[in-house]
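Working notes, beginning with the structure itself.
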Amino acid sequence: MAYKTPSEPSLLYLFEQVGGKCMLILRKVSDSIYTISKYLLVFLVGSMSLVIIAQVFCRTFLGFSIFWSEEYARYCLIWTTFIGASMALKNGELAMFDLFLTKTKKEWQGIYRLILNLLVLIFVIVSIYFGFKQAFSPTALMQVSPALRVPMWAVHLSVPVGFIIMFVYLIHTILETLFVKYKGEA
(Lines give C-alpha, C1' and ligand atoms only; values in the text may rest on other atoms or scores of the structure.)
Protein backbone atom coordinates (compact mmCIF):
# COMPACT_ATOMS: atom_id res chain seq x y z
CA MET A 1 0.00 0.00 0.00
CA ALA A 2 1.61 3.27 -1.08
CA TYR A 3 1.33 6.28 1.14
CA LYS A 4 1.56 9.91 0.07
CA THR A 5 4.12 12.02 1.83
CA PRO A 6 2.26 13.59 4.74
CA SER A 7 3.15 16.94 6.23
CA GLU A 8 4.17 15.03 9.41
CA PRO A 9 5.58 11.59 8.50
CA SER A 10 3.95 8.76 10.37
CA LEU A 11 5.84 5.81 11.80
CA LEU A 12 4.37 3.54 9.13
CA TYR A 13 5.51 5.89 6.36
CA LEU A 14 9.05 6.08 7.80
CA PHE A 15 9.19 2.29 8.19
CA GLU A 16 8.10 1.83 4.60
CA GLN A 17 10.66 4.32 3.25
CA VAL A 18 13.65 3.18 5.33
CA GLY A 19 12.70 -0.51 5.26
CA GLY A 20 12.17 -0.44 1.52
CA LYS A 21 15.58 1.09 0.87
CA CYS A 22 17.31 -1.31 3.26
CA MET A 23 15.58 -4.28 1.65
CA LEU A 24 16.65 -3.07 -1.79
CA ILE A 25 20.28 -2.80 -0.66
CA LEU A 26 20.12 -6.19 1.04
CA ARG A 27 18.60 -7.76 -2.06
CA LYS A 28 21.39 -6.31 -4.24
CA VAL A 29 24.07 -7.55 -1.83
CA SER A 30 22.44 -10.99 -1.69
CA ASP A 31 22.14 -11.19 -5.48
CA SER A 32 25.75 -10.02 -5.96
CA ILE A 33 27.05 -12.64 -3.54
CA TYR A 34 24.97 -15.26 -5.34
CA THR A 35 26.43 -14.27 -8.73
CA ILE A 36 30.00 -14.37 -7.39
CA SER A 37 29.28 -17.74 -5.74
CA LYS A 38 27.93 -19.11 -8.99
CA TYR A 39 31.10 -18.18 -10.90
CA LEU A 40 33.30 -19.47 -8.10
CA LEU A 41 31.40 -22.76 -8.10
CA VAL A 42 31.80 -23.12 -11.87
CA PHE A 43 35.53 -22.46 -11.54
CA LEU A 44 35.98 -24.91 -8.66
CA VAL A 45 34.01 -27.75 -10.24
CA GLY A 46 35.54 -27.13 -13.68
CA SER A 47 39.13 -27.01 -12.47
CA MET A 48 38.57 -30.02 -10.22
CA SER A 49 37.18 -31.99 -13.16
CA LEU A 50 40.07 -31.00 -15.44
CA VAL A 51 42.68 -31.96 -12.88
CA ILE A 52 41.03 -35.33 -12.22
CA ILE A 53 40.75 -36.06 -15.96
CA ALA A 54 44.40 -35.08 -16.45
CA GLN A 55 45.38 -37.33 -13.54
CA VAL A 56 43.54 -40.32 -14.99
CA PHE A 57 44.99 -39.68 -18.47
CA CYS A 58 48.55 -39.33 -17.17
CA ARG A 59 48.33 -42.41 -14.97
CA THR A 60 46.68 -44.56 -17.65
CA PHE A 61 48.51 -43.52 -20.81
CA LEU A 62 51.72 -41.75 -19.77
CA GLY A 63 52.70 -43.90 -16.82
CA PHE A 64 53.08 -41.18 -14.19
CA SER A 65 50.83 -39.55 -11.67
CA ILE A 66 50.16 -35.90 -10.88
CA PHE A 67 51.05 -36.04 -7.19
CA TRP A 68 48.96 -33.06 -6.08
CA SER A 69 45.76 -33.85 -8.02
CA GLU A 70 43.90 -35.72 -5.28
CA GLU A 71 44.63 -33.05 -2.71
CA TYR A 72 43.55 -30.29 -5.09
CA ALA A 73 40.32 -32.13 -5.90
CA ARG A 74 39.62 -32.70 -2.21
CA TYR A 75 40.06 -29.02 -1.31
CA CYS A 76 37.97 -27.89 -4.28
CA LEU A 77 35.25 -30.31 -3.18
CA ILE A 78 35.31 -28.91 0.36
CA TRP A 79 34.91 -25.33 -0.89
CA THR A 80 32.28 -26.46 -3.41
CA THR A 81 30.27 -28.09 -0.63
CA PHE A 82 29.96 -24.96 1.49
CA ILE A 83 29.51 -22.49 -1.37
CA GLY A 84 26.98 -24.83 -3.00
CA ALA A 85 25.09 -25.30 0.27
CA SER A 86 24.73 -21.54 0.63
CA MET A 87 23.38 -21.29 -2.91
CA ALA A 88 20.95 -24.14 -2.23
CA LEU A 89 19.77 -22.29 0.88
CA LYS A 90 19.07 -19.15 -1.13
CA ASN A 91 17.14 -21.16 -3.72
CA GLY A 92 15.17 -23.00 -1.02
CA GLU A 93 16.59 -26.34 -2.13
CA LEU A 94 17.94 -27.56 1.21
CA ALA A 95 16.16 -30.28 3.15
CA MET A 96 13.49 -28.80 5.38
CA PHE A 97 10.74 -29.88 7.70
CA ASP A 98 8.10 -29.31 5.05
CA LEU A 99 5.93 -32.20 6.26
CA PHE A 100 4.56 -29.86 8.94
CA LEU A 101 4.39 -27.00 6.45
CA THR A 102 2.04 -28.91 4.15
CA LYS A 103 -0.17 -29.89 7.12
CA THR A 104 -0.30 -26.36 8.54
CA LYS A 105 -3.05 -23.88 7.80
CA LYS A 106 -2.18 -21.25 5.21
CA GLU A 107 -2.14 -18.37 7.72
CA TRP A 108 0.38 -20.20 9.96
CA GLN A 109 2.79 -21.23 7.20
CA GLY A 110 4.59 -17.87 7.21
CA ILE A 111 5.11 -18.04 10.97
CA TYR A 112 6.31 -21.64 10.67
CA ARG A 113 8.84 -20.67 7.98
CA LEU A 114 9.98 -17.71 10.08
CA ILE A 115 10.57 -19.98 13.10
CA LEU A 116 12.47 -22.48 10.94
CA ASN A 117 14.61 -19.71 9.44
CA LEU A 118 15.37 -18.32 12.91
CA LEU A 119 16.43 -21.78 14.11
CA VAL A 120 18.65 -22.21 11.05
CA LEU A 121 20.05 -18.71 11.69
CA ILE A 122 21.08 -19.77 15.22
CA PHE A 123 22.81 -22.85 13.78
CA VAL A 124 24.55 -20.69 11.15
CA ILE A 125 25.84 -18.22 13.78
CA VAL A 126 27.21 -21.06 15.92
CA SER A 127 28.84 -22.62 12.84
CA ILE A 128 30.46 -19.31 11.88
CA TYR A 129 31.91 -18.95 15.37
CA PHE A 130 33.33 -22.47 15.52
CA GLY A 131 34.41 -22.32 11.88
CA PHE A 132 36.58 -19.28 12.58
CA LYS A 133 37.80 -20.86 15.80
CA GLN A 134 38.94 -23.94 13.86
CA ALA A 135 40.33 -22.04 10.88
CA PHE A 136 42.49 -19.81 13.05
CA SER A 137 43.48 -22.35 15.66
CA PRO A 138 47.23 -22.62 16.27
CA THR A 139 47.28 -26.04 14.60
CA ALA A 140 45.61 -24.82 11.41
CA LEU A 141 47.75 -21.68 11.27
CA MET A 142 51.00 -23.63 11.45
CA GLN A 143 50.05 -26.61 9.27
CA VAL A 144 50.40 -26.82 5.48
CA SER A 145 49.06 -29.48 3.15
CA PRO A 146 51.56 -32.16 2.12
CA ALA A 147 51.41 -31.90 -1.67
CA LEU A 148 50.21 -28.38 -2.51
CA ARG A 149 51.83 -26.70 0.50
CA VAL A 150 48.63 -24.69 1.01
CA PRO A 151 48.12 -23.37 4.54
CA MET A 152 45.40 -25.44 6.18
CA TRP A 153 43.63 -22.34 7.48
CA ALA A 154 42.73 -21.59 3.85
CA VAL A 155 40.98 -24.95 3.61
CA HIS A 156 39.29 -24.61 7.01
CA LEU A 157 38.11 -21.11 6.08
CA SER A 158 35.58 -22.68 3.70
CA VAL A 159 33.29 -23.42 6.67
CA PRO A 160 32.87 -19.88 8.04
CA VAL A 161 32.82 -18.34 4.56
CA GLY A 162 30.04 -20.65 3.43
CA PHE A 163 28.07 -19.99 6.59
CA ILE A 164 28.57 -16.20 6.36
CA ILE A 165 27.03 -16.35 2.90
CA MET A 166 24.16 -18.38 4.37
CA PHE A 167 23.82 -15.74 7.10
CA VAL A 168 23.36 -12.98 4.51
CA TYR A 169 20.78 -15.03 2.62
CA LEU A 170 18.89 -15.89 5.82
CA ILE A 171 18.81 -12.30 7.05
CA HIS A 172 17.48 -11.24 3.66
CA THR A 173 14.84 -13.98 3.70
CA ILE A 174 13.75 -13.28 7.29
CA LEU A 175 13.54 -9.51 6.81
CA GLU A 176 11.74 -9.90 3.51
CA THR A 177 9.22 -12.24 5.15
CA LEU A 178 8.65 -9.79 8.00
CA PHE A 179 8.52 -6.76 5.71
CA VAL A 180 6.06 -8.35 3.29
CA LYS A 181 3.89 -9.60 6.19
CA TYR A 182 3.95 -6.16 7.80
CA LYS A 183 3.04 -4.42 4.56
CA GLY A 184 0.32 -6.99 3.93
CA GLU A 185 -1.28 -6.27 7.31
CA ALA A 186 -1.13 -2.47 6.89
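Ordered as shown in the C-alpha coordinates, chains take letters A, B, and onward, while each chain numbers its residues from 1 and ligands are numbered from 1 in the order shown.
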Query raised in the report: Can you list, as a PyMOL selection string, every protein, DNA or RNA residue that comes within 12 Å of Arg27 (chain A) when you count only C-alpha atoms, leaving out same-chain residues fewer than 6 positions away?
Result: chain A and resi 19-21+33-34+90+168-176
Query raised in the report: Contacts of Ser37 (chain A) at 12 Å or less, counting only C-alpha atoms, minus same-chain residues fewer than 2 places along, as a list in words?
Result: Ser30, Asp31, Ser32, Ile33, Tyr34, Thr35, Tyr39, Leu40, Leu41, Val42, Phe43, Leu44, Val45, Trp79, Thr80, Thr81, Phe82, Ile83, Gly84, Ala85, Ser86, Met87, Ala88, Lys90, Val161, Gly162, Ile165 and Met166 of chain A
Report task. Could you tell me, as a ChimeraX atom specification, which residues of chain A DSSP assigns to alpha helix (DSSP H) when given the backbone? Result -> /A:11-57,69-90,98-103,106-135,138-142,152-156,158-185
Query - Spatial neighbours of region 60-71 of chain A, 12 Å, only C-alpha atoms, chain gap at least 3 places, as a list in words - result: Ser47, Met48, Ser49, Leu50, Val51, Ile52, Ile53, Ala54, Gln55, Val56, Phe57, Arg74, Tyr75, Cys76, Leu77, Ile78, Val144, Ser145, Pro146, Ala147, Leu148, Arg149, Val150, Met152 and Val155 of chain A
